[in-house]
Amino acid sequence: MFSKGTKRKFSDGDEEISDESLVGARVASSYSLQRQSLLDMSLIKLQLCHMLVEPNLCRSVLIANTVRQIQEEMTHDGSWHMVTEAFCGPGQSPSERLVATEVLCRSREQDAEPKLFSVISYEGCREEEVVADETLCSVSVSDTVSNVCLAGRIGQCWEKSELSGVERDEEALEDSRLGSGEDEEIDTEDGASTESPKTTGQVFGTFEIKNSSPAPDSALEELFSDVDTSYYDLDTMLTGMQSAPKMGPYDILDSLAPSHSSPSIVSTPKCRSDLNELDHIMEIIVGS
Amino acid sequence: MRLNCACVVNIKDLFSGLSQSVARRSTTLPPVTIIQQTARERERLLLLGKAGMGGCWTMLCVQMPEMLLMPADIISAVEFNHSGELLATGDRGGRIVIFQQEQESKSLPQCRAEYNVYSTFQSHEPEFDYLKSLEIEEKINKIRWLPQKNAAHFLLSTNDKTIKLWKISERDKRPEGYNLKEEDGRFRHPSSLTTLRVPVFQPMDLMVEASPRRVYANAHTYHINSISVNSDNETYLSADDLRINLWHLDFTDRSFNIVDIKPVNMEELTEVITASEFHPLQCNTFVYGSSKGSVRLCDMRASALCDQHSKLFEEPEDPSTRSFFSEIISSISDVKFSHSGRYMMTRDYLTLKIWDLHMESRPVETYQVHGYLRSKLCSLYENDCIFDKFECCWRSDDSEVMTGSYNNFFRMFNRDAQQDVTLEASWENGSPGCPLKPWRVCTGSRRKRNEIGVDCLDFSRKILYTSWHPQDNVVALATVNNLYIFQEKPN
């Protein structure tokens, strides 16, 4: 279907070369357009699983393999490099990590209103945030820009991921570490090959709930320090308080104290609505 | 070859007025005339069959749905039992409906045969997995009959997570004349008794009861896609996306894992199990197909865990047709052994392949089911039709194979004569006794009668589930909510 043939054109010798190259370029660009649309379609398919019933593993595997195949081909073409450069400024992580992982991460969530993330949704996000995001699907970051675009997902990220999230996060974190060491080529290709296993891991991680194990790893704790675990505390939710995003997991005990008076985070309007949403979800989990 | 529609039964109508678990034998379907094959006719048919696809299939009856189609009525499994007398169908609502073939007179050369509802019952209920906060669908994925050992019939039915063994038995007598109980069930006072009598069995209206005898649960993390009864009649296998378990029919609390393709890291998962079946004669042999288009044959004598296959059936990919969809369309949707046990048939999205078990390198026969879809793969990927899993089945003598397609078409391939035919399961185009005409799908613009363009195909009407009578030339296939039964009669 996407055969990359060059149309032969019977024309004068003078114009032949330029015509062919023009036509060839046109065909090639339409091919890459088709390929890109196929990639987008596949990512959307992976994202939009109705989560009331467990999604079909076979279908997800086939779509993920197709995505991987496209990404590999785009990497060989070099067009993947162009894509990532278009999205990221210098010194930023490859956006394929952002694209696929973020989207695939959301494929496991129970979306009240499913959000279609276009490929270009991550301007201005820094690498640490990306890593945290893909592993935790919920990051409170210092970057306010990211705060806005990420905050919208905070409420939606936690409800289902909690059980599998911890173990999966460890895996994904380890893989992101290993991945950067594995590949010898340029960064984008690193990202391309390591991102795929990560994305599929996050897709397939949902299919098996593992017992969350305690994380002695200090790096993990550092990650978790970004997490606003006060969401799990009904008291703080009810009183509408939000703790500082940088609060560690053990600081939650402090926040429970009645003497705690100052919520130190700027709560954007988005966070409030997500809080209500999370409130609702927590009600369901805790047992209405 | 001409094929007539034998019988169309609408599931919804069957349930109006029928109780859930116990059903009287119903005569709601109008009696239908059908020409029964005699031995002489069958012989003639075989001779014709060698020359070409002779014989025509006749329609039994048609019932149209009067109400809106409910998702629960969609048929999801069709299976004849080993004698062909009973036909079981399962639907998305977790119900099983069993039809029985009735022969009013066996002595006459031309007999009537009808399929009437024999029993209906709720096999599986929707469940909720509290650990994952996900619903477990009650849709029946597969039905497999056990060979009959006594008067009762047994079948295995499965949804995504649980397999159940059902016993279907008849009751046509009941004890009467109890001493302590009145006929209506009230207890008699012992002091009122003056004589004793022995209760006797009196005939009653036939009642068909279905009762669950075993429930095999909690053995599968992923969705069960296949069950297969072993030829030893004691064990069966159940396959989900990543594992295959071996059960003994008598024990519900344990099963043995015989295949496990789950990678240590789920991130490395690229292949799943899609279908599995036991060999019809060798109780140690089974096959399983994968989403990458390969079929592995395993011998349980080799080791307890059959991760190492004994044979790998895989056809090398044709590089000229390679596309992004190559892997998806090569995914095996069904695998069936021939009755002889010598051959195996695999169905992938576009083709039907017959393999000789002795040759792993390539199939001995390949049939294009709907090759005209090759140029439409992108749209089929978009509307998810590319993930449809079609079943296939063998004729009793292994001379023909059949599978479904879109637009309510189904295809039959005669292996001996190397001929094929496309027929439509539709009540509109046929009437009882009238032979169905073959169809042709064309890409050109000219339309003759019984020709349809590729772009006019209705992809919402598809025949995924088919079953061939184990002895007669009767086929049952399911469209979305209708069950069609066709019988072949000679020209």
# chains A, B, ... in the order shown; residues from 1 in each chain; ligands from 1
call {"tool": "residues_around", "arguments": {"residues": "Val97 of chain B", "least_positions_apart": "5", "cutoff": "9 Å", "atoms": "only C-alpha atoms", "output": "list in words"}}
result
Ile11, Leu14, Leu87, Ala88, Thr89, Gly90, Asp91, Val117, Tyr118, Ser119, Thr120, Phe121 and Gln122 of chain B
call {"tool": "write_last_selection", "arguments": {"atoms": "N, CA, C and O atoms", "output": "compact mmCIF listing (two decimals), in the first residue's frame"}}
result
# COMPACT_ATOMS: atom_id res chain seq x y z
N ILE B 11 -32.31 -15.00 17.14
CA ILE B 11 -32.12 -15.38 18.54
C ILE B 11 -33.14 -14.67 19.43
O ILE B 11 -33.68 -15.23 20.35
N LEU B 14 -36.47 -16.16 19.91
CA LEU B 14 -36.49 -17.40 20.66
C LEU B 14 -36.67 -17.15 22.13
O LEU B 14 -37.21 -17.95 22.86
N LEU B 87 -26.96 -28.30 17.66
CA LEU B 87 -26.18 -27.14 17.25
C LEU B 87 -26.28 -26.11 18.36
O LEU B 87 -27.39 -25.72 18.73
N ALA B 88 -25.14 -25.71 18.89
CA ALA B 88 -25.13 -24.74 19.98
C ALA B 88 -24.67 -23.39 19.47
O ALA B 88 -23.72 -23.30 18.68
N THR B 89 -25.32 -22.35 19.93
CA THR B 89 -24.88 -20.99 19.61
C THR B 89 -24.75 -20.22 20.92
O THR B 89 -25.56 -20.38 21.83
N GLY B 90 -23.73 -19.38 20.98
CA GLY B 90 -23.55 -18.52 22.14
C GLY B 90 -23.62 -17.08 21.69
O GLY B 90 -23.28 -16.77 20.55
N ASP B 91 -24.06 -16.21 22.58
CA ASP B 91 -24.16 -14.81 22.18
C ASP B 91 -23.45 -13.91 23.18
O ASP B 91 -22.89 -14.36 24.17
N VAL B 117 -35.48 -25.19 18.41
CA VAL B 117 -34.83 -24.85 19.68
C VAL B 117 -35.00 -26.01 20.64
O VAL B 117 -36.09 -26.52 20.84
N TYR B 118 -33.92 -26.39 21.22
CA TYR B 118 -33.91 -27.53 22.13
C TYR B 118 -33.78 -27.07 23.56
O TYR B 118 -34.45 -27.55 24.45
N SER B 119 -32.88 -26.11 23.76
CA SER B 119 -32.65 -25.62 25.11
C SER B 119 -32.04 -24.23 25.05
O SER B 119 -31.29 -23.94 24.13
N THR B 120 -32.41 -23.41 26.00
CA THR B 120 -31.73 -22.12 26.13
C THR B 120 -31.39 -21.91 27.60
O THR B 120 -32.18 -22.27 28.47
N PHE B 121 -30.23 -21.37 27.84
CA PHE B 121 -29.87 -21.11 29.22
C PHE B 121 -28.81 -20.02 29.27
O PHE B 121 -28.12 -19.74 28.29
N GLN B 122 -28.72 -19.43 30.44
CA GLN B 122 -27.74 -18.38 30.67
C GLN B 122 -26.46 -19.05 31.13
O GLN B 122 -26.39 -19.60 32.22
call {"tool": "closest_atom_pairs", "arguments": {"of": "chain B", "to": "chain A", "cutoff": "9 Å", "atoms": "only C-alpha atoms", "output": "CSV"}}
result
residue,atom,partner,partner_atom,distance
B:Leu131,CA,A:Ile209,CA,8.0
B:Lys132,CA,A:Ile209,CA,7.1
B:Ser133,CA,A:Leu52,CA,7.8
B:Leu134,CA,A:Val53,CA,5.3
B:Glu135,CA,A:Val53,CA,4.9
B:Ile136,CA,A:Val53,CA,6.4
B:Glu137,CA,A:Val53,CA,7.2
B:Thr221,CA,A:Glu208,CA,7.4
B:Tyr222,CA,A:Phe207,CA,7.6
B:His223,CA,A:Asn56,CA,7.9
B:Asp241,CA,A:Cys58,CA,7.0
B:Asn265,CA,A:Gly201,CA,7.6
B:Met266,CA,A:Gly201,CA,5.5
B:Glu267,CA,A:Gly201,CA,3.6
B:Glu268,CA,A:Pro197,CA,6.1
B:Leu269,CA,A:Val61,CA,7.3
B:Thr270,CA,A:Val61,CA,6.0
B:Glu271,CA,A:Val61,CA,6.9
B:Val272,CA,A:Cys58,CA,6.1
B:Ile273,CA,A:Cys58,CA,8.1
B:Thr274,CA,A:Cys58,CA,7.6
B:Ser291,CA,A:Cys58,CA,7.1
B:Lys292,CA,A:Leu62,CA,8.7
B:Thr321,CA,A:Met1,CA,8.1
B:Arg322,CA,A:Met1,CA,8.2
B:Ser323,CA,A:Met1,CA,6.0
B:Phe324,CA,A:Thr66,CA,6.3
B:Phe325,CA,A:Thr66,CA,7.3
B:Glu327,CA,A:Leu62,CA,7.5
B:Ile328,CA,A:Leu62,CA,6.0
B:Ser331,CA,A:Leu62,CA,8.7
B:Arg374,CA,A:Met1,CA,8.1
B:Ser375,CA,A:Met1,CA,6.5
B:Lys376,CA,A:Met1,CA,8.5
B:Leu377,CA,A:Met1,CA,7.8
B:Cys378,CA,A:Met1,CA,8.0
B:Glu382,CA,A:Met41,CA,7.4
B:Phe387,CA,A:Arg59,CA,6.7
call {"tool": "select_by_dssp", "arguments": {"residues": "segment 228-344 of chain B", "states": "strand (DSSP E or B)", "output": "VMD selection string"}}
result
chain B and resid 228 to 229 235 to 239 243 to 248 255 to 260 273 to 278 285 to 290 295 to 299 311 to 313 334 to 337 343 to 344
call {"tool": "residues_around", "arguments": {"residues": "segment 449-464 of chain B", "least_positions_apart": "5", "cutoff": "7 Å", "atoms": "only C-alpha atoms", "output": "CSV table (one decimal) with N, CA, C and O atoms, in the first residue's frame"}}
result
chain,number,residue,atom,x,y,z
B,389,LYS,N,-11.7,-11.4,13.6
B,389,LYS,CA,-11.2,-12.8,13.6
B,389,LYS,C,-12.2,-13.7,13.0
B,389,LYS,O,-13.3,-14.0,13.6
B,390,PHE,N,-11.9,-14.2,11.8
B,390,PHE,CA,-12.8,-15.1,11.1
B,390,PHE,C,-12.5,-16.6,11.5
B,390,PHE,O,-11.3,-16.9,11.6
B,391,GLU,N,-13.5,-17.4,11.6
B,391,GLU,CA,-13.3,-18.8,11.8
B,391,GLU,C,-13.4,-19.5,10.5
B,391,GLU,O,-13.8,-19.0,9.5
B,404,GLY,N,-15.9,-17.4,6.5
B,404,GLY,CA,-16.8,-16.2,6.2
B,404,GLY,C,-16.1,-15.0,5.7
B,404,GLY,O,-14.8,-15.0,5.7
B,405,SER,N,-16.9,-14.0,5.3
B,405,SER,CA,-16.3,-12.8,4.8
B,405,SER,C,-17.2,-11.6,5.1
B,405,SER,O,-18.1,-11.8,6.0
B,406,TYR,N,-17.1,-10.5,4.4
B,406,TYR,CA,-17.9,-9.4,4.7
B,406,TYR,C,-19.2,-9.4,3.8
B,406,TYR,O,-19.3,-10.2,2.9
B,407,ASN,N,-20.1,-8.5,4.1
B,407,ASN,CA,-21.3,-8.4,3.3
B,407,ASN,C,-22.1,-9.6,3.4
B,407,ASN,O,-22.9,-10.0,2.5
B,408,ASN,N,-21.9,-10.3,4.5
B,408,ASN,CA,-22.7,-11.6,4.8
B,408,ASN,C,-22.3,-12.6,3.7
B,408,ASN,O,-23.1,-13.5,3.4
B,409,PHE,N,-21.1,-12.5,3.1
B,409,PHE,CA,-20.7,-13.5,2.2
B,409,PHE,C,-20.0,-14.6,2.9
B,409,PHE,O,-19.3,-14.4,4.0
B,410,PHE,N,-20.0,-15.8,2.4
B,410,PHE,CA,-19.1,-16.8,2.9
B,410,PHE,C,-18.5,-17.6,1.7
B,410,PHE,O,-19.1,-17.6,0.6
B,439,TRP,N,-22.0,-15.3,-5.9
B,439,TRP,CA,-21.8,-13.9,-6.1
B,439,TRP,C,-20.3,-13.7,-6.6
B,439,TRP,O,-19.5,-14.6,-6.5
B,440,ARG,N,-20.1,-12.5,-7.2
B,440,ARG,CA,-18.8,-12.2,-7.6
B,440,ARG,C,-18.5,-10.7,-7.1
B,440,ARG,O,-19.4,-9.9,-7.3
B,441,VAL,N,-17.4,-10.6,-6.6
B,441,VAL,CA,-17.0,-9.2,-6.2
B,441,VAL,C,-16.0,-8.7,-7.3
B,441,VAL,O,-15.0,-9.3,-7.6
B,442,CYS,N,-16.3,-7.6,-7.8
B,442,CYS,CA,-15.5,-7.1,-8.9
B,442,CYS,C,-15.1,-5.7,-8.7
B,442,CYS,O,-15.7,-5.0,-7.9
B,443,THR,N,-14.0,-5.3,-9.3
B,443,THR,CA,-13.5,-4.0,-9.2
B,443,THR,C,-13.9,-3.0,-10.3
B,443,THR,O,-13.9,-1.8,-10.2
B,477,LEU,N,-24.0,-20.9,10.0
B,477,LEU,CA,-23.1,-19.8,10.2
B,477,LEU,C,-23.9,-18.6,10.7
B,477,LEU,O,-25.1,-18.6,10.6
B,478,ALA,N,-23.2,-17.7,11.4
B,478,ALA,CA,-23.8,-16.7,12.1
B,478,ALA,C,-23.5,-15.3,11.5
B,478,ALA,O,-22.3,-15.0,11.3
B,479,THR,N,-24.5,-14.6,11.1
B,479,THR,CA,-24.3,-13.2,10.8
B,479,THR,C,-24.4,-12.4,12.1
B,479,THR,O,-24.3,-13.0,13.2
B,480,VAL,N,-24.7,-11.2,12.1
B,480,VAL,CA,-24.7,-10.4,13.3
B,480,VAL,C,-25.6,-11.0,14.4
B,480,VAL,O,-25.3,-11.3,15.5
call {"tool": "residues_around", "arguments": {"residues": "Asp253 of chain B", "least_positions_apart": "5", "cutoff": "10 Å", "atoms": "only C-alpha atoms", "output": "PyMOL selection string"}}
result
chain B and resi 215-219+247-248
call {"tool": "write_last_selection", "arguments": {"atoms": "all heavy atoms", "output": "CSV table (one decimal), in the first residue's frame"}}
result
chain,number,residue,atom,x,y,z
B,215,VAL,N,-17.1,-25.5,37.1
B,215,VAL,CA,-16.8,-24.2,36.8
B,215,VAL,C,-15.2,-24.1,36.9
B,215,VAL,O,-14.7,-24.3,38.0
B,215,VAL,CB,-17.4,-23.2,37.7
B,215,VAL,CG1,-17.0,-21.8,37.4
B,215,VAL,CG2,-18.9,-23.2,37.6
B,216,TYR,N,-14.6,-23.9,35.9
B,216,TYR,CA,-13.1,-23.8,35.9
B,216,TYR,C,-12.7,-22.3,35.8
B,216,TYR,O,-12.8,-21.7,34.8
B,216,TYR,CB,-12.5,-24.5,34.7
B,216,TYR,CG,-13.1,-25.9,34.4
B,216,TYR,CD1,-14.2,-26.1,33.6
B,216,TYR,CD2,-12.5,-27.0,35.0
B,216,TYR,CE1,-14.7,-27.4,33.4
B,216,TYR,CE2,-13.0,-28.3,34.8
B,216,TYR,CZ,-14.1,-28.5,34.0
B,216,TYR,OH,-14.6,-29.7,33.8
B,217,ALA,N,-12.3,-21.8,37.0
B,217,ALA,CA,-12.2,-20.4,37.1
B,217,ALA,C,-10.8,-20.0,37.6
B,217,ALA,O,-10.0,-20.9,38.1
B,217,ALA,CB,-13.2,-19.8,38.0
B,218,ASN,N,-10.4,-18.8,37.4
B,218,ASN,CA,-9.2,-18.2,38.0
B,218,ASN,C,-7.9,-18.8,37.6
B,218,ASN,O,-7.0,-18.8,38.3
B,218,ASN,CB,-9.3,-18.3,39.6
B,218,ASN,CG,-10.5,-17.6,40.2
B,218,ASN,OD1,-10.9,-16.6,39.7
B,218,ASN,ND2,-11.1,-18.3,41.2
B,219,ALA,N,-7.9,-19.2,36.3
B,219,ALA,CA,-6.7,-19.8,35.8
B,219,ALA,C,-6.0,-18.9,34.8
B,219,ALA,O,-5.0,-19.2,34.3
B,219,ALA,CB,-6.9,-21.2,35.3
B,247,TRP,N,-6.4,-28.8,31.5
B,247,TRP,CA,-7.3,-29.1,32.6
B,247,TRP,C,-7.7,-30.6,32.4
B,247,TRP,O,-7.8,-31.2,31.4
B,247,TRP,CB,-8.6,-28.3,32.4
B,247,TRP,CG,-8.5,-26.8,32.5
B,247,TRP,CD1,-8.1,-26.0,31.5
B,247,TRP,CD2,-8.7,-26.0,33.6
B,247,TRP,NE1,-8.2,-24.7,31.9
B,247,TRP,CE2,-8.5,-24.7,33.2
B,247,TRP,CE3,-9.1,-26.2,34.9
B,247,TRP,CZ2,-8.7,-23.6,34.0
B,247,TRP,CZ3,-9.2,-25.2,35.8
B,247,TRP,CH2,-9.0,-23.8,35.3
B,248,HIS,N,-8.1,-31.1,33.6
B,248,HIS,CA,-8.8,-32.4,33.6
B,248,HIS,C,-10.2,-32.0,33.8
B,248,HIS,O,-10.6,-31.2,34.7
B,248,HIS,CB,-8.3,-33.3,34.7
B,248,HIS,CG,-8.8,-34.7,34.6
B,248,HIS,ND1,-10.1,-35.1,34.9
B,248,HIS,CD2,-8.2,-35.8,34.1
B,248,HIS,CE1,-10.2,-36.4,34.7
B,248,HIS,NE2,-9.1,-36.9,34.2
call {"tool": "residues_around", "arguments": {"residues": "segment 303-311 of chain B", "least_positions_apart": "4", "cutoff": "8 Å", "atoms": "only C-alpha atoms", "output": "ChimeraX atom specification"}}
result
/B:257-261,296-299,360
call {"tool": "write_last_selection", "arguments": {"atoms": "N, CA, C and O atoms", "output": "short mmCIF file (atom, residue, chain, number, x, y, z; two decimals), in the first residue's frame"}}
result
data_model
loop_
_atom_site.label_atom_id
_atom_site.label_comp_id
_atom_site.auth_asym_id
_atom_site.auth_seq_id
_atom_site.Cartn_x
_atom_site.Cartn_y
_atom_site.Cartn_z
N ASN B 257 -0.04 -25.46 33.41
CA ASN B 257 0.35 -24.53 32.38
C ASN B 257 1.28 -25.25 31.41
O ASN B 257 2.33 -25.76 31.83
N ILE B 258 0.93 -25.31 30.17
CA ILE B 258 1.76 -26.05 29.22
C ILE B 258 2.46 -25.14 28.21
O ILE B 258 3.42 -25.55 27.56
N VAL B 259 1.97 -23.93 28.05
CA VAL B 259 2.67 -22.98 27.19
C VAL B 259 2.60 -21.63 27.87
O VAL B 259 1.53 -21.22 28.34
N ASP B 260 3.75 -20.97 27.88
CA ASP B 260 3.78 -19.63 28.48
C ASP B 260 4.72 -18.78 27.64
O ASP B 260 5.92 -19.00 27.63
N ILE B 261 4.15 -17.85 26.92
CA ILE B 261 5.01 -16.99 26.09
C ILE B 261 5.10 -15.58 26.64
O ILE B 261 5.50 -14.65 25.94
N ARG B 296 2.63 -23.14 15.90
CA ARG B 296 3.58 -24.05 16.53
C ARG B 296 2.86 -25.31 16.94
O ARG B 296 1.78 -25.27 17.54
N LEU B 297 3.48 -26.42 16.64
CA LEU B 297 2.95 -27.70 17.04
C LEU B 297 3.78 -28.21 18.21
O LEU B 297 5.00 -28.18 18.15
N CYS B 298 3.12 -28.62 19.25
CA CYS B 298 3.83 -29.04 20.45
C CYS B 298 3.43 -30.45 20.81
O CYS B 298 2.30 -30.88 20.61
N ASP B 299 4.40 -31.16 21.39
CA ASP B 299 4.18 -32.52 21.84
C ASP B 299 4.32 -32.53 23.35
O ASP B 299 5.39 -32.20 23.88
N GLU B 360 6.74 -28.06 7.19
CA GLU B 360 6.62 -26.81 7.95
C GLU B 360 6.94 -25.58 7.13
O GLU B 360 6.64 -24.47 7.54
#
call {"tool": "residues_around", "arguments": {"residues": "segment 72-80 of chain B", "least_positions_apart": "3", "cutoff": "8 Å", "atoms": "only C-alpha atoms", "output": "PyMOL selection string"}}
result
chain B and resi 11-12+69+83-94+139-145+465-470+476-483
